[in-house]
Amino acid sequence: MDIFLQQLVNGLTLGAVYALIALGYTMVYGIIQLINFAHGEIFAAGGYIGVITLAYLNHIGVLEQYPMLGLVLAFAMAMVYCAFLAVAIERVAYRPLRGASRLALLLSALGMSIFVSNGMMLAQGVYDKAYPIYMFPQESIEVGGAIISHMQIYIFIVAILLMVGLNFFINHTRLGKAMRATAQDKTVSALLGINANRTITITFVVGAMLAAAAGVMVGMYYGSVRFDMGFVPGIKAFAAAVLGGIGNLYGAMIGGMIIGMVEVFAAGYLASEYKDVFAFVILIAVLYFRPTGIMGEQVDDTRV
Amino acid sequence: MRKVIICALVTLALTVGTAGAATLKIGSVSPLAGPYAADGTDIKQGVETAIAMWEAKGGIPGYDKIEYFPQDSGCDGKQAVSAANKLVNLGVIGVVGAYCSSATIPSSDVLMENKVVMLTPASTNETVTERGYKYMFRVCGRDDDQAKVVVKFLTEDLKKTKIAIIDDKTSYTAGLANNIIKFGEGKIDVVAHEHINQGDKDFSGVLTKIKALKPDVLYMSLYNPEGNLMAIQAKRLKIDAVLLSEDAVYHPNYIKIARDASEGTFFTFGQPADETIPEVAAFLKEYTAKYGEPGSYSAYAFDAANALLAAVAKVGASDPDKLADAIRATDAQGASKKLTFNEKGDSGSTYKVIVVKDGKFVPYWDPDTGMKY
């Protein structure tokens with residue numbers, strides 16, 4: 001039982017991270033039907049900005065006194081930087097192709113992913129960069145034999161808060177309404193005075209900020225970042241978005257949780273080398289019976 | 001008409017220019033991008049250091065310059081084969097590499113067919129030198145030797161034999177894990193043999209499973225990036241088994257990233273060279289000035305390149321058979337060890353047990369004498 005509980009905690013942590021990244025995929029897909037392959041790289045860039053900020057604060061001696069302030073700053077810097085990065089990627093690689101075929105857009109996204117990943121390698125080097133996690137409390141609590149580290153609790157809480165915030169933003173603000181309108185029909189929403197280009201840019205910004213937060217959390221949790229860390233979680237999060245029904249926000253959250261859980265439980269109870277296989281088998285099985293994904297049927301009213 | 005003459009003269013001058021300048025071309029194959037780029041870059045820098053030191057001494061007799069072509073192989077057989085083909089087309093006479101055994105084995109087939117000498121600084125899988133290739137050399141140790149040292153350490157010094165093994169299914173890690181199980185039969189009790197994938201970051205699932213089996217020792221047969229992360233996660237899950245690992249996780253990065261989780265981890269690695277030996281000191285001085293602290297394989301790559309260049313200086317590079325014989329006859333103090341090759345092209349293993357103590361790698365146990373340092 002304690003093992004089951006431990007695996008549940010492990011799965012929830014991993015799932016929360018996947019869900020945060022998956023939201024970015026699903027939002028961008030919802031609004032311009034583009035699978036933004038560079039999204040995983042934005043996540044990695046967030047991790048890097050986080051470590052650079054923390055290392056600087058550590059260097060000037062602030063981190064030791066105010067570790068929590070440092071963490072908030074790291075999140076803020078990463079989110080701001082990634083917002084700009086996403087806007088730049090959108091301007092350079094996607095906006096000029098707005099009218100072109102979706103295949104051209106997809107290839108442009110793939111190219112951007114490779115470009116950003118290698119750019120990070122050249123700028124930051126090939127070695128892992130260590131997060132100064134020893135500056136933060138490493139305690140853990142025991143619940144029914146399962147060890148839950150404070151870090152896991154933070155990750156879970158921050159992820160839930162961000163998702164609730166996103167939900168509020170989409171459903172209860174003017175910008176959110178504009179995003180939903182643009183997603184449903186670009187032409188008509190433009191006739192009603194919604195600036196489509198601006199709305200698309202905001203979608204990229206919001207998605208990138210979530211990914212940046214996930215990047216910092218992953219760096220804090222695993223203790224290091226590397227230039228290619230965005231690739232595998234990017235693919236997993238994309239699978240999560242598809243599993244939940246791409247274009248649907250709740251679907252991305254549920255899909256992320258499912259993929260995270262399946263992976264951890266497959267590693268714990270079946271064969272750890274095939275954990276990815278199980279994750280993708282679930283994806284295929286769900287798509288076989290529900291081609292639009294778990295939440296796919298709501299696509300017309302709540303997608304972004 | 002005048003133009004034609006000028007053109008002809010220029011062309012003539014060019015051919016004369018190139019005919020007089022003999023260039024020695026050597027290559028290397030190692031991961032320069034991707035997760036294993038850290039060790040791969042160390043290898044490239046080791047070769048560069050060797051070339052720089054030869055050039056500072058006036059170069060190789062008979063050659064005006066040494067041209068070096070570092071190729072990226074990732075840790076991937078297919079990529080290494082195409083890198084080897086490219087080097088053959090470029091006309092290199094010798095190759096240092098590759099890093100992962102799973103890249104070295106397929107790429108060596110290409111090089112051997114074309115009679116290009118290959119010296120691996122890092123691939124420890126036995127198969128590398130067990131195929132009877134004349135042009136294949138290995139500067140590091142062998143997995144079967146390493147596995148024997150692991151078993152000996154577990155039974156004679158640590159006296160803990162309930163062991164869980166995790167590998168990542170590549171030639172090197174799986175080969176080493178299987179060797180430990182083979183040589184440890186009847187002596188150690190393997191309670192779990194689990195596998196992960198290269199590039200994984202989250203091991204909580206498999207570690208939780210292993211924790212429930214309560215092993216005394218957790219053996220990480222992995223490469224560096226995964227090893228760093230696993231140490232942190234094992235500590236976080238409060239697995240109280242002793243961590244034991246091998247030469248591919250052994251890297252300054254392990255301590256830098258895993259920090260207090262790295263404390264007390266045991267490693268098997270080739271005996272660290274004595275820094276008072278002049279050859280070792282010269283290498284350290286040259287390397288550190290340019291690239292900073294050497295990685296685990298910098299010195300091995302340096303020695304591999306040196307053995308190749310010294311053999312070329314002795315017999316030239318026109319006849320690959322003579323060149324291979326000259327390398328086989330190497331008998332020199334290198335930066336990693338005293339280098340000699342046997343008939344198979346192996347240079348012998350010097351595995352020692354090293355421990356992380358107070359944030360540093362410290363020699364711990366000598367399997368030959370059974371004594372602690």
# chains A, B, ... in the order shown; residues from 1 in each chain; ligands from 1
>>> interface_residues(of="chain B", to="chain A", cutoff="6 Å", atoms="only C-alpha atoms", output="PyMOL selection string")
chain B and resi 37-38+195-197+205-206+209+257
>>> write_last_selection(atoms="N, CA and C atoms", output="compact mmCIF listing (two decimals), in the first residue's frame")
# COMPACT_ATOMS: atom_id res chain seq x y z
N ALA B 37 27.14 14.80 -24.72
CA ALA B 37 28.09 15.75 -25.30
C ALA B 37 29.19 16.15 -24.32
N ALA B 38 28.92 16.03 -23.02
CA ALA B 38 29.94 16.44 -22.06
C ALA B 38 31.19 15.58 -22.20
N HIS B 195 15.72 -1.79 -15.97
CA HIS B 195 16.26 -1.03 -17.10
C HIS B 195 15.55 0.30 -17.21
N ILE B 196 16.27 1.31 -17.65
CA ILE B 196 15.64 2.59 -17.96
C ILE B 196 16.01 2.94 -19.40
N ASN B 197 15.55 4.08 -19.88
CA ASN B 197 15.91 4.51 -21.23
C ASN B 197 16.88 5.66 -21.14
N GLY B 205 9.45 6.02 -10.36
CA GLY B 205 8.72 4.76 -10.45
C GLY B 205 9.60 3.56 -10.16
N VAL B 206 10.71 3.47 -10.88
CA VAL B 206 11.57 2.30 -10.75
C VAL B 206 12.28 2.31 -9.39
N LYS B 209 10.02 1.04 -6.68
CA LYS B 209 9.95 -0.42 -6.78
C LYS B 209 11.16 -1.07 -6.12
N ILE B 257 26.31 18.25 -9.52
CA ILE B 257 24.85 18.25 -9.63
C ILE B 257 24.18 17.49 -8.49
>>> residues_around(residues="B:Ala258", least_positions_apart="6", cutoff="8 Å", atoms="only C-alpha atoms", output="PyMOL selection string")
(chain A and resi 223) or (chain B and resi 228-229+231-232)
>>> atom_distance(atom1="atom CA of A:Gly15", atom2="atom CA of A:Ala240")
9.3 Å
>>> residues_around(residues="stretch 185-191 of chain A", least_positions_apart="4", cutoff="12 Å", atoms="only C-alpha atoms", output="PyMOL selection string")
chain A and resi 30-33+98+177-181+195-200+300-301+303-304
>>> atom_distance(atom1="atom CA of B:Glu48", atom2="atom CA of B:Tyr287")
9.1 Å
>>> select_by_dssp(residues="stretch 100-232 of chain A", states="alpha helix (DSSP H)", output="MDAnalysis selection string")
chainID A and resid 102:124 150:172 174:184 186:191 196:222 231:232
>>> closest_residue(among="A:Val80, A:Met253, A:Ala279, A:Val216", to="A:Ala19", atoms="only C-alpha atoms")
A:Met253
